[in-house]
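Asker: My file is target_27.pdb. It has PDB, C-alpha atoms:
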ATOM      1  CA  MET C   1       0.000   0.000   0.000
ATOM      2  CA  ALA C   2       1.081   3.561  -0.690
ATOM      3  CA  ARG C   3      -0.400   4.640   2.664
ATOM      4  CA  LYS C   4       0.983   2.766   5.637
ATOM      5  CA  SER C   5       0.187   3.968   9.129
ATOM      6  CA  PRO C   6       2.184   2.807  12.172
ATOM      7  CA  THR C   7      -0.921   3.565  14.240
ATOM      8  CA  VAL C   8      -3.047   1.112  12.262
ATOM      9  CA  ARG C   9      -0.312  -1.523  12.327
ATOM     10  CA  ARG C  10       0.091  -1.144  16.096
ATOM     11  CA  ARG C  11      -3.669  -1.624  16.469
ATOM     12  CA  ARG C  12      -3.613  -4.663  14.155
ATOM     13  CA  LEU C  13      -0.658  -6.193  15.994
ATOM     14  CA  GLY C  14      -2.403  -5.739  19.342
ATOM     15  CA  ALA C  15      -5.525  -7.488  18.048
ATOM     16  CA  GLU C  16      -3.446 -10.389  16.717
ATOM     17  CA  LEU C  17      -1.629 -10.781  20.032
ATOM     18  CA  ARG C  18      -4.871 -10.656  22.019
ATOM     19  CA  ASP C  19      -6.416 -13.286  19.742
ATOM     20  CA  ARG C  20      -3.464 -15.636  20.233
ATOM     21  CA  ARG C  21      -3.417 -15.123  24.008
ATOM     22  CA  GLU C  22      -7.111 -15.962  24.235
ATOM     23  CA  ARG C  23      -6.702 -19.014  22.005
ATOM     24  CA  ALA C  24      -3.898 -20.156  24.295
ATOM     25  CA  GLY C  25      -6.275 -19.827  27.263
ATOM     26  CA  LEU C  26      -4.003 -17.420  29.134
ATOM     27  CA  SER C  27      -5.066 -14.496  31.306
ATOM     28  CA  LEU C  28      -3.419 -11.070  31.289
ATOM     29  CA  GLU C  29      -2.134 -11.836  34.771
ATOM     30  CA  ALA C  30      -0.494 -15.082  33.684
ATOM     31  CA  VAL C  31       1.177 -13.485  30.650
ATOM     32  CA  ALA C  32       2.401 -10.490  32.663
ATOM     33  CA  GLU C  33       3.926 -12.845  35.213
ATOM     34  CA  ARG C  34       5.716 -14.843  32.505
ATOM     35  CA  LEU C  35       6.994 -11.682  30.818
ATOM     36  CA  GLU C  36       7.853 -10.107  34.190
ATOM     37  CA  CYS C  37       5.904  -6.909  33.532
ATOM     38  CA  SER C  38       2.637  -5.274  34.571
ATOM     39  CA  GLN C  39      -0.798  -6.361  33.358
ATOM     40  CA  SER C  40      -1.388  -2.791  32.195
ATOM     41  CA  LYS C  41       1.548  -3.078  29.785
ATOM     42  CA  ILE C  42       0.072  -6.189  28.167
ATOM     43  CA  SER C  43      -3.350  -4.553  28.018
ATOM     44  CA  ARG C  44      -1.978  -1.414  26.343
ATOM     45  CA  ILE C  45      -0.095  -3.522  23.796
ATOM     46  CA  GLU C  46      -3.261  -5.463  22.962
ATOM     47  CA  THR C  47      -5.358  -2.322  22.542
ATOM     48  CA  GLY C  48      -2.706  -0.680  20.354
ATOM     49  CA  HIS C  49      -2.183   2.183  22.790
ATOM     50  CA  THR C  50       1.529   1.602  23.062
ATOM     51  CA  SER C  51       4.266   0.358  20.768
ATOM     52  CA  VAL C  52       6.032  -2.908  21.461
ATOM     53  CA  ASN C  53       9.520  -3.966  20.521
ATOM     54  CA  VAL C  54      10.282  -6.992  18.385
ATOM     55  CA  ARG C  55      11.821  -8.932  21.283
ATOM     56  CA  ASP C  56       8.659  -8.589  23.404
ATOM     57  CA  VAL C  57       6.497  -9.717  20.473
ATOM     58  CA  ARG C  58       8.682 -12.780  19.975
ATOM     59  CA  ASP C  59       8.575 -13.548  23.719
ATOM     60  CA  LEU C  60       4.786 -13.161  23.831
ATOM     61  CA  LEU C  61       4.247 -15.420  20.834
ATOM     62  CA  THR C  62       6.594 -18.015  22.298
ATOM     63  CA  ILE C  63       4.512 -17.989  25.490
ATOM     64  CA  PHE C  64       1.385 -18.446  23.346
ATOM     65  CA  GLY C  65       2.928 -21.415  21.560
ATOM     66  CA  ALA C  66       2.868 -19.753  18.133
ATOM     67  CA  ALA C  67       4.543 -21.376  15.137
ATOM     68  CA  GLU C  68       7.728 -19.875  13.747
ATOM     69  CA  ALA C  69       5.936 -18.644  10.610
ATOM     70  CA  GLU C  70       3.492 -16.681  12.789
ATOM     71  CA  ILE C  71       6.350 -15.265  14.816
ATOM     72  CA  LEU C  72       8.131 -14.061  11.680
ATOM     73  CA  GLU C  73       4.937 -12.496  10.304
ATOM     74  CA  LEU C  74       4.053 -10.627  13.481
ATOM     75  CA  THR C  75       7.588  -9.478  14.269
ATOM     76  CA  ASP C  76       7.671  -7.942  10.782
ATOM     77  CA  LEU C  77       4.383  -6.227  11.644
ATOM     78  CA  ALA C  78       5.947  -5.001  14.891
ATOM     79  CA  ARG C  79       8.802  -3.419  12.923
ATOM     80  CA  ASP C  80       6.309  -1.621  10.677
ATOM     81  CA  ALA C  81       4.398  -0.435  13.739
ATOM     82  CA  ARG C  82       7.537   1.234  15.104
ATOM     83  CA  GLN C  83       8.315   3.241  11.954
ATOM     84  CA  LYS C  84       8.109   7.027  12.124
ATOM     85  CA  ALA C  85       5.173   8.437  10.153
ATOM     86  CA  TRP C  86       5.116  11.770   8.298
ATOM     87  CA  TRP C  87       3.208  13.383  11.181
ATOM     88  CA  HIS C  88       5.765  12.344  13.820
ATOM     89  CA  PRO C  89       7.514  15.761  13.846
ATOM     90  CA  TYR C  90       4.144  17.324  14.674
ATOM     91  CA  SER C  91       3.210  14.920  17.468
ATOM     92  CA  GLN C  92       3.425  17.652  20.121
ATOM     93  CA  VAL C  93       0.544  19.564  18.531
ATOM     94  CA  LEU C  94      -1.662  16.519  17.873
ATOM     95  CA  SER C  95      -4.100  15.719  20.667
ATOM     96  CA  SER C  96      -5.069  12.171  19.640
ATOM     97  CA  ALA C  97      -4.209   9.186  17.436
ATOM     98  CA  TYR C  98      -6.871  10.191  14.928
ATOM     99  CA  VAL C  99      -4.453  11.322  12.197
ATOM    100  CA  GLY C 100      -2.684   7.967  12.361
ATOM    101  CA  LEU C 101      -5.926   6.064  11.845
ATOM    102  CA  GLU C 102      -7.205   8.402   9.147
ATOM    103  CA  ALA C 103      -3.959   8.016   7.193
ATOM    104  CA  GLU C 104      -4.762   4.419   6.227
ATOM    105  CA  ALA C 105      -8.560   4.576   6.219
ATOM    106  CA  SER C 106     -10.355   3.605   3.032
ATOM    107  CA  ARG C 107     -13.474   5.526   4.013
ATOM    108  CA  VAL C 108     -14.387   8.224   6.513
ATOM    109  CA  ARG C 109     -18.040   8.976   7.243
ATOM    110  CA  THR C 110     -18.472  11.989   9.479
ATOM    111  CA  TYR C 111     -21.173  14.177  10.939
ATOM    112  CA  GLU C 112     -20.162  17.710  11.947
ATOM    113  CA  GLN C 113     -22.331  20.152  13.872
ATOM    114  CA  GLN C 114     -20.372  23.400  14.110
ATOM    115  CA  VAL C 115     -17.148  23.152  12.113
ATOM    116  CA  VAL C 116     -16.183  22.253   8.554
ATOM    117  CA  PRO C 117     -14.187  18.958   8.707
ATOM    118  CA  GLY C 118     -10.410  19.353   8.640
ATOM    119  CA  LEU C 119     -10.056  17.505   5.332
ATOM    120  CA  LEU C 120     -12.179  20.199   3.655
ATOM    121  CA  GLN C 121     -10.938  23.351   5.387
ATOM    122  CA  THR C 122      -9.152  26.185   3.626
ATOM    123  CA  GLU C 123      -5.966  27.393   5.264
ATOM    124  CA  ALA C 124      -7.563  30.739   6.158
ATOM    125  CA  TYR C 125     -10.560  29.026   7.767
ATOM    126  CA  ALA C 126      -8.279  26.655   9.717
ATOM    127  CA  ARG C 127      -6.217  29.585  10.970
ATOM    128  CA  ALA C 128      -9.332  31.460  12.074
ATOM    129  CA  MET C 129     -10.570  28.372  13.921
ATOM    130  CA  MET C 130      -7.275  27.675  15.652
ATOM    131  CA  GLY C 131      -6.887  31.303  16.649
ATOM    132  CA  THR C 132      -9.822  30.839  19.027
ATOM    133  CA  LEU C 133      -8.135  28.023  20.966
ATOM    134  CA  PRO C 134      -6.696  28.941  24.385
ATOM    135  CA  ARG C 135      -2.941  28.857  25.012
ATOM    136  CA  GLN C 136      -1.990  28.469  21.352
ATOM    137  CA  ASN C 137       1.037  30.434  20.152
ATOM    138  CA  GLU C 138       1.734  31.275  16.519
ATOM    139  CA  ASP C 139       4.243  28.448  16.091
ATOM    140  CA  GLU C 140       1.783  25.855  17.395
ATOM    141  CA  ILE C 141      -0.989  27.183  15.158
ATOM    142  CA  SER C 142       1.283  27.098  12.099
ATOM    143  CA  ARG C 143       2.339  23.530  12.803
ATOM    144  CA  ARG C 144      -1.246  22.401  13.300
ATOM    145  CA  ILE C 145      -2.223  24.027  10.021
ATOM    146  CA  ARG C 146       0.646  22.290   8.187
ATOM    147  CA  VAL C 147      -0.595  18.926   9.469
ATOM    148  CA  ARG C 148      -4.160  19.712   8.465
ATOM    149  CA  MET C 149      -3.221  20.795   4.964
ATOM    150  CA  LYS C 150      -1.021  17.740   4.460
ATOM    151  CA  ARG C 151      -3.847  15.443   5.578
ATOM    152  CA  GLN C 152      -5.923  16.739   2.690
ATOM    153  CA  SER C 153      -3.736  14.845   0.212
ATOM    154  CA  LEU C 154      -5.977  11.873   1.086
ATOM    155  CA  LEU C 155      -8.612  13.378  -1.189
ATOM    156  CA  ASP C 156      -6.249  12.824  -4.129
ATOM    157  CA  GLU C 157      -6.205   9.073  -3.510
ATOM    158  CA  GLY C 158      -9.193   8.528  -5.800
ATOM    159  CA  GLU C 159     -10.868   5.149  -5.438
ATOM    160  CA  SER C 160      -8.736   4.118  -2.458
ATOM    161  CA  PHE C 161     -10.203   6.801  -0.188
ATOM    162  CA  GLU C 162     -13.792   7.978   0.221
ATOM    163  CA  LEU C 163     -15.027  10.903   2.296
ATOM    164  CA  TRP C 164     -18.715  11.230   3.161
ATOM    165  CA  VAL C 165     -19.682  14.294   5.169
ATOM    166  CA  VAL C 166     -23.017  15.262   6.649
ATOM    167  CA  LEU C 167     -22.679  18.881   7.678
ATOM    168  CA  ASP C 168     -25.150  20.700   9.869
ATOM    169  CA  GLU C 169     -26.227  23.971   8.243
ATOM    170  CA  SER C 170     -24.991  25.823  11.321
ATOM    171  CA  ALA C 171     -21.410  24.983  10.302
ATOM    172  CA  VAL C 172     -21.749  27.076   7.142
ATOM    173  CA  SER C 173     -23.890  29.806   8.674
ATOM    174  CA  ARG C 174     -21.335  31.298  11.062
ATOM    175  CA  PRO C 175     -18.746  33.593   9.416
ATOM    176  CA  VAL C 176     -15.567  32.016  10.783
ATOM    177  CA  GLY C 177     -12.751  34.406   9.929
ATOM    178  CA  GLY C 178     -15.146  36.947   8.442
ATOM    179  CA  ASP C 179     -17.204  37.253   5.301
ATOM    180  CA  GLU C 180     -14.516  36.655   2.680
ATOM    181  CA  VAL C 181     -12.885  33.706   4.482
ATOM    182  CA  MET C 182     -16.257  31.994   4.920
ATOM    183  CA  ARG C 183     -17.289  32.542   1.308
ATOM    184  CA  LYS C 184     -14.029  30.988   0.148
ATOM    185  CA  GLN C 185     -14.607  28.092   2.531
ATOM    186  CA  ILE C 186     -18.049  27.393   1.110
ATOM    187  CA  GLU C 187     -16.595  27.565  -2.410
ATOM    188  CA  ARG C 188     -14.016  25.020  -1.270
ATOM    189  CA  LEU C 189     -16.841  22.699  -0.188
ATOM    190  CA  LEU C 190     -18.486  23.069  -3.582
ATOM    191  CA  SER C 191     -15.217  22.270  -5.329
ATOM    192  CA  ALA C 192     -14.589  19.217  -3.135
ATOM    193  CA  ALA C 193     -18.133  17.946  -3.742
ATOM    194  CA  GLU C 194     -17.309  17.633  -7.448
ATOM    195  CA  ARG C 195     -14.759  14.920  -6.684
ATOM    196  CA  PRO C 196     -16.075  11.401  -7.315
ATOM    197  CA  ASN C 197     -14.790  10.210  -3.939
ATOM    198  CA  VAL C 198     -16.355  13.021  -1.868
ATOM    199  CA  THR C 199     -20.010  13.237  -0.817
ATOM    200  CA  ILE C 200     -21.271  16.314   1.035
ATOM    201  CA  GLN C 201     -24.781  16.599   2.455
ATOM    202  CA  LEU C 202     -26.273  19.483   4.403
ATOM    203  CA  LEU C 203     -28.573  18.958   7.348
ATOM    204  CA  PRO C 204     -30.858  22.006   7.064
ATOM    205  CA  PHE C 205     -32.256  24.040   9.938
ATOM    206  CA  GLU C 206     -35.836  23.419   8.872
ATOM    207  CA  ILE C 207     -35.788  19.725   9.801
ATOM    208  CA  GLY C 208     -35.764  20.669  13.483
ATOM    209  CA  ALA C 209     -34.695  17.975  15.955
ATOM    210  CA  HIS C 210     -32.699  15.090  14.500
ATOM    211  CA  ALA C 211     -30.748  11.987  15.508
ATOM    212  CA  GLY C 212     -27.324  13.672  15.548
ATOM    213  CA  MET C 213     -27.948  16.343  18.140
ATOM    214  CA  ASP C 214     -25.810  14.629  20.793
ATOM    215  CA  GLY C 215     -22.541  15.494  19.044
ATOM    216  CA  THR C 216     -20.156  15.062  16.132
ATOM    217  CA  PHE C 217     -18.410  11.823  15.237
ATOM    218  CA  ALA C 218     -16.481  10.087  12.484
ATOM    219  CA  ILE C 219     -16.590   6.434  11.415
ATOM    220  CA  LEU C 220     -13.340   5.153   9.914
ATOM    221  CA  ASP C 221     -13.236   2.000   7.778
ATOM    222  CA  PHE C 222     -10.041   0.251   6.683
ATOM    223  CA  PRO C 223      -9.079  -1.753   3.596
ATOM    224  CA  GLU C 224      -7.774  -4.812   5.448
ATOM    225  CA  PRO C 225     -10.574  -7.192   6.540
ATOM    226  CA  GLY C 226      -8.904  -7.738   9.903
ATOM    227  CA  ASP C 227      -8.871  -4.041  10.775
ATOM    228  CA  GLN C 228     -12.173  -3.315  12.476
ATOM    229  CA  SER C 229     -13.888   0.018  11.894
ATOM    230  CA  VAL C 230     -13.585   2.593  14.650
ATOM    231  CA  VAL C 231     -15.661   5.595  15.721
ATOM    232  CA  PHE C 232     -13.997   8.808  16.837
ATOM    233  CA  ALA C 233     -16.123  11.181  18.919
ATOM    234  CA  GLU C 234     -14.244  14.464  19.172
ATOM    235  CA  ASN C 235     -14.155  16.668  22.249
ATOM    236  CA  ALA C 236     -12.124  19.563  23.675
ATOM    237  CA  THR C 237      -9.402  17.278  25.062
ATOM    238  CA  GLY C 238      -8.879  15.247  21.896
ATOM    239  CA  GLY C 239     -11.639  12.697  21.599
ATOM    240  CA  LEU C 240     -12.866   9.213  22.372
ATOM    241  CA  PHE C 241     -12.260   6.101  20.247
ATOM    242  CA  ILE C 242     -15.127   3.617  20.220
ATOM    243  CA  GLU C 243     -14.435   0.071  19.034
ATOM    244  CA  LYS C 244     -16.909  -2.230  20.798
ATOM    245  CA  ARG C 245     -19.091  -3.918  18.208
ATOM    246  CA  ASP C 246     -22.435  -3.015  19.793
ATOM    247  CA  GLU C 247     -21.457   0.649  20.174
ATOM    248  CA  LEU C 248     -20.056   0.730  16.639
ATOM    249  CA  ALA C 249     -23.338  -0.701  15.347
ATOM    250  CA  ARG C 250     -25.270   2.100  17.068
ATOM    251  CA  TYR C 251     -23.119   4.742  15.395
ATOM    252  CA  LEU C 252     -23.563   3.083  12.005
ATOM    253  CA  THR C 253     -27.323   3.243  12.502
ATOM    254  CA  LEU C 254     -27.033   6.844  13.695
ATOM    255  CA  PHE C 255     -25.121   7.907  10.588
ATOM    256  CA  GLU C 256     -27.651   6.104   8.412
ATOM    257  CA  ASN C 257     -30.475   8.045  10.061
ATOM    258  CA  ILE C 258     -28.654  11.373   9.790
ATOM    259  CA  HIS C 259     -27.712  11.094   6.133
ATOM    260  CA  ARG C 260     -31.246   9.979   5.198
ATOM    261  CA  THR C 261     -32.599  13.096   6.915
ATOM    262  CA  ALA C 262     -30.116  15.452   5.211
ATOM    263  CA  LEU C 263     -30.464  17.046   1.795
ATOM    264  CA  GLY C 264     -29.121  14.996  -1.093
ATOM    265  CA  PRO C 265     -25.736  15.945  -2.618
ATOM    266  CA  GLU C 266     -27.246  17.979  -5.475
ATOM    267  CA  GLN C 267     -29.686  19.794  -3.196
ATOM    268  CA  SER C 268     -26.848  20.430  -0.751
ATOM    269  CA  ALA C 269     -24.669  21.933  -3.483
ATOM    270  CA  ALA C 270     -27.542  24.198  -4.516
ATOM    271  CA  ARG C 271     -27.976  25.362  -0.915
ATOM    272  CA  LEU C 272     -24.223  26.030  -0.616
ATOM    273  CA  ARG C 273     -24.203  28.064  -3.833
ATOM    274  CA  LYS C 274     -27.053  30.124  -2.447
ATOM    275  CA  LEU C 275     -25.114  30.709   0.769
ATOM    276  CA  VAL C 276     -22.167  32.070  -1.220
ATOM    277  CA  GLU C 277     -24.475  34.603  -2.853
ATOM    278  CA  GLU C 278     -26.723  35.282   0.136
ATOM    279  CA  PRO C 279     -24.972  34.268   3.376
ATOM    280  CA  LEU C 280     -27.222  33.685   6.350
ATOM    281  CA  TRP C 281     -24.911  35.740   8.544
ATOM    282  CA  ARG C 282     -25.741  38.803   6.418
ATOM    283  CA  SER C 283     -29.449  38.123   5.939
ATOM    284  CA  ARG C 284     -30.509  40.404   8.788
ATOM    285  CA  GLN C 285     -29.025  42.829  11.246
ATOM    286  CA  ARG C 286     -28.357  41.330  14.663
ATOM    287  CA  GLY C 287     -28.089  43.022  17.988
ATOM    288  CA  THR C 288     -30.073  46.099  16.930
ATOM    289  CA  THR C 289     -32.914  47.588  18.882
ATOM    290  CA  SER C 290     -36.024  49.287  17.641
ATOM    291  CA  THR C 291     -37.936  52.164  19.190
TER     292      THR C 291
END
I'd like the structure from this file rewritten - as structure tokens, please.

Answerer:
Amino acid sequence: MARKSPTVRRRRLGAELRDRRERAGLSLEAVAERLECSQSKISRIETGHTSVNVRDVRDLLTIFGAAEAEILELTDLARDARQKAWWHPYSQVLSSAYVGLEAEASRVRTYEQQVVPGLLQTEAYARAMMGTLPRQNEDEISRRIRVRMKRQSLLDEGESFELWVVLDESAVSRPVGGDEVMRKQIERLLSAAERPNVTIQLLPFEIGAHAGMDGTFAILDFPEPGDQSVVFAENATGGLFIEKRDELARYLTLFENIHRTALGPEQSAARLRKLVEEPLWRSRQRGTTST
């Protein structure tokens, strides 16, 4: 693959190790005792939250009674999982592992309430957004913007990457960065929507209450059958990754309900074109009083 993510490989390796431990009938406690380490270390390896060296992988697989061919395969995977990715130099300004998962995703389905998704943001819009964050200096903002702009190369992957966005109308009704910046941002959405691998739907104000009012989320799917989909629910401290099958199923149903409620792609594009010409933020004077 042209796009290899150490984050995805670490997650895949952890799942493979957990599967072999369970097949061997061993508890976390028993494995930790054999490896002379804490149970939390084994747990973090199995969930992909920490990297693991090749020696530990070999030792774990030996404990599990794995064949030599399996050991060779998974130690190679461990080496891939320890490679430095393109975003490594920016790790201090990244608040979660999301970029690492997105880098190898074959499809991202996302619902956004207030903000245009990072993969579709203009640089000026991104700068205006990041300028509102507390305790962010100019260097940190610039580095975050460089990461965001580089992520957008995923859209050039054609058939190997699909982006499906359901965007609440409120996200394109607030003039982030001012009138000109927001107009350019909406034009960027229209341009992106012309790509065959990008679908953009608007969730209009007039529908009232809807299934997605609890918050934004993204569902990431991966090309390898063994890599289970994951949901990312973003928040102010980074976000929450959801991988349990029953919870994942609920989010899949939620996205299905949201996108069926939203305007279709053509209707959405028409609404966006209208917003460029007649922005909602300029439709009436606010904060005035009458006598």

Asker: Please write the residues picked by the PyMOL selection byres ((chain C and resi 188-199) around 6) on this file as a PDB file with C-alpha atoms, keeping the file's coordinate frame.

Answerer:
ATOM      1  CA  GLU C 162     -13.792   7.978   0.221  1.00  0.00           C
ATOM      2  CA  LEU C 163     -15.027  10.903   2.296  1.00  0.00           C
ATOM      3  CA  TRP C 164     -18.715  11.230   3.161  1.00  0.00           C
ATOM      4  CA  GLN C 185     -14.607  28.092   2.531  1.00  0.00           C
ATOM      5  CA  ILE C 186     -18.049  27.393   1.110  1.00  0.00           C
ATOM      6  CA  GLU C 187     -16.595  27.565  -2.410  1.00  0.00           C
ATOM      7  CA  ILE C 200     -21.271  16.314   1.035  1.00  0.00           C
TER       8      ILE C 200
END

Asker: Carefully work through the PyMOL selection byres ((chain C and resi 20) around 12) for this structure and note down the residues it includes, as a list in words.

Answerer: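 After applying the PyMOL selection byres ((chain C and resi 20) around 12), what remains is Leu13, Gly14, Ala15, Glu16, Leu17, Arg18, Asp19, Arg21, Glu22, Arg23, Ala24, Gly25, Leu26, Ser27, Leu28, Val31, Glu46, Val57, Leu60, Leu61, Thr62, Ile63, Phe64, Gly65, Ala66, Ala67, Glu70, Ile71 and Leu74 of chain C.
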
Asker: Name the residues within 12 Å of (-3.0, 4.3, 4.2), counting only C-alpha atoms in the file's coordinates, and put them as a ChimeraX atom specification.

Answerer: /C:1-9,85-86,99-107,151,153-155,157,160-161,220-224

Asker: Record the distance separating atom CA of His49 of chain C and atom CA of Ala97 of chain C, expressed in Å with one decimal.

Answerer: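 Atom-to-atom, atom CA of His49 of chain C to atom CA of Ala97 of chain C, that is 9.0 Å.
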
Asker: In terms of the shortest atom-to-atom distance over all atoms listed in the file, which of C:Pro265, C:Gly212, C:Gly131, C:Pro225 is closest to Thr253 of chain C?

Answerer: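 Of C:Pro265, C:Gly212, C:Gly131, C:Pro225, the one nearest Thr253 of chain C, counting all atoms listed in the file, is C:Gly212.
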
Asker: Quick one: residues within 9 Å of Arg10 of chain C, all atoms listed in the file counted, chain neighbours fewer than 6 positions away excluded, as a PDB file with C-alpha atoms, in the coordinates of the input?

Answerer:
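Output (result_35.pdb):
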ATOM      1  CA  ILE C  45      -0.095  -3.522  23.796  1.00  0.00           C
ATOM      2  CA  GLU C  46      -3.261  -5.463  22.962  1.00  0.00           C
ATOM      3  CA  THR C  47      -5.358  -2.322  22.542  1.00  0.00           C
ATOM      4  CA  GLY C  48      -2.706  -0.680  20.354  1.00  0.00           C
ATOM      5  CA  HIS C  49      -2.183   2.183  22.790  1.00  0.00           C
ATOM      6  CA  THR C  50       1.529   1.602  23.062  1.00  0.00           C
ATOM      7  CA  SER C  51       4.266   0.358  20.768  1.00  0.00           C
ATOM      8  CA  VAL C  52       6.032  -2.908  21.461  1.00  0.00           C
ATOM      9  CA  LEU C  77       4.383  -6.227  11.644  1.00  0.00           C
ATOM     10  CA  ALA C  78       5.947  -5.001  14.891  1.00  0.00           C
ATOM     11  CA  ASP C  80       6.309  -1.621  10.677  1.00  0.00           C
ATOM     12  CA  ALA C  81       4.398  -0.435  13.739  1.00  0.00           C
ATOM     13  CA  ARG C  82       7.537   1.234  15.104  1.00  0.00           C
TER      14      ARG C  82
END

Asker: So the first atom is atom CA of Ile145 of chain C and the second is atom CA of Leu120 of chain C; what is the distance between them in Å, to one decimal place?

Answerer: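 If I compute the distance from atom CA of Ile145 of chain C to atom CA of Leu120 of chain C, I get 12.4 Å.
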
Asker: Counting all atoms listed in the file, figure out which residue out of C:Ala32, C:Val230, C:Ala69, C:Leu94 gets nearest to Asp56 of chain C.

Answerer: C:Ala32

Asker: Find the smallest box with edges along x, y and z containing every listed atom of segment 83-90 of chain C, then add 5 Å on each side and report centre and edge lengths in Å to one decimal, as AutoDock Vina command-line options.

Answerer:
--center_x 5.8 --center_y 10.3 --center_z 11.5 --size_x 15.1 --size_y 24.1 --size_z 16.4

Asker: Mind checking which residues fall within 10 Å of Gln201 of chain C, counting all atoms listed in the file, ignoring those fewer than 5 positions away in the same chain, and posting them as number ranges by chain?

Answerer: C: 111, 164-169, 193, 258-269, 271-272

Asker: For Asp59 of chain C, which of C:Asp76, C:Asp156, C:Glu36, C:Asp246 is the closest residue, counting only C-alpha atoms?

Answerer: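 Among the listed residues, C:Glu36 lies closest to Asp59 of chain C.
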
Asker: Just give me the gap between atom CA of Glu247 of chain C and atom CA of Gly208 of chain C in Å, one decimal is fine.

Answerer: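 Calculated distance between atom CA of Glu247 of chain C and atom CA of Gly208 of chain C is 25.5 Å.
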
Asker: For Arg143 of chain C, work out the shell of residues within 12 Å, counting only C-alpha atoms and skipping chain neighbours fewer than 6 positions away, then give it as a ChimeraX atom specification.

Answerer: /C:87-94,123,126-127,130,136-137,149-150

Asker: Would you mind completing segment 242-255 of chain C to N, CA, C and O atoms and writing the output as a short mmCIF file (atom, residue, chain, number, x, y, z; two decimals), in the frame of the given file?

Answerer:
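After the write, selection_14.cif holds the following:
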data_model
loop_
_atom_site.label_atom_id
_atom_site.label_comp_id
_atom_site.auth_asym_id
_atom_site.auth_seq_id
_atom_site.Cartn_x
_atom_site.Cartn_y
_atom_site.Cartn_z
N ILE C 242 -14.11 4.61 19.88
CA ILE C 242 -15.13 3.62 20.22
C ILE C 242 -14.98 2.43 19.28
O ILE C 242 -15.07 2.58 18.06
N GLU C 243 -14.72 1.24 19.85
CA GLU C 243 -14.44 0.07 19.03
C GLU C 243 -15.30 -1.14 19.35
O GLU C 243 -15.29 -2.12 18.62
N LYS C 244 -16.06 -1.10 20.46
CA LYS C 244 -16.91 -2.23 20.80
C LYS C 244 -17.98 -2.40 19.73
O LYS C 244 -18.56 -1.43 19.26
N ARG C 245 -18.22 -3.64 19.36
CA ARG C 245 -19.09 -3.92 18.21
C ARG C 245 -20.50 -3.38 18.40
O ARG C 245 -21.10 -2.86 17.46
N ASP C 246 -21.07 -3.49 19.59
CA ASP C 246 -22.44 -3.02 19.79
C ASP C 246 -22.50 -1.49 19.71
O ASP C 246 -23.45 -0.93 19.14
N GLU C 247 -21.48 -0.81 20.24
CA GLU C 247 -21.46 0.65 20.17
C GLU C 247 -21.20 1.12 18.74
O GLU C 247 -21.79 2.10 18.28
N LEU C 248 -20.32 0.41 18.04
CA LEU C 248 -20.06 0.73 16.64
C LEU C 248 -21.34 0.58 15.82
O LEU C 248 -21.65 1.44 14.97
N ALA C 249 -22.09 -0.48 16.07
CA ALA C 249 -23.34 -0.70 15.35
C ALA C 249 -24.32 0.44 15.57
O ALA C 249 -25.03 0.86 14.64
N ARG C 250 -24.36 0.98 16.79
CA ARG C 250 -25.27 2.10 17.07
C ARG C 250 -24.88 3.34 16.28
O ARG C 250 -25.74 4.07 15.77
N TYR C 251 -23.57 3.57 16.17
CA TYR C 251 -23.12 4.74 15.40
C TYR C 251 -23.37 4.56 13.90
O TYR C 251 -23.67 5.53 13.19
N LEU C 252 -23.25 3.35 13.41
CA LEU C 252 -23.56 3.08 12.00
C LEU C 252 -25.04 3.38 11.73
O LEU C 252 -25.39 3.99 10.71
N THR C 253 -25.90 2.96 12.64
CA THR C 253 -27.32 3.24 12.50
C THR C 253 -27.59 4.74 12.61
O THR C 253 -28.41 5.30 11.87
N LEU C 254 -26.87 5.41 13.51
CA LEU C 254 -27.03 6.84 13.70
C LEU C 254 -26.66 7.60 12.42
O LEU C 254 -27.39 8.49 11.98
N PHE C 255 -25.53 7.22 11.82
CA PHE C 255 -25.12 7.91 10.59
C PHE C 255 -26.14 7.66 9.48
O PHE C 255 -26.45 8.56 8.70
#
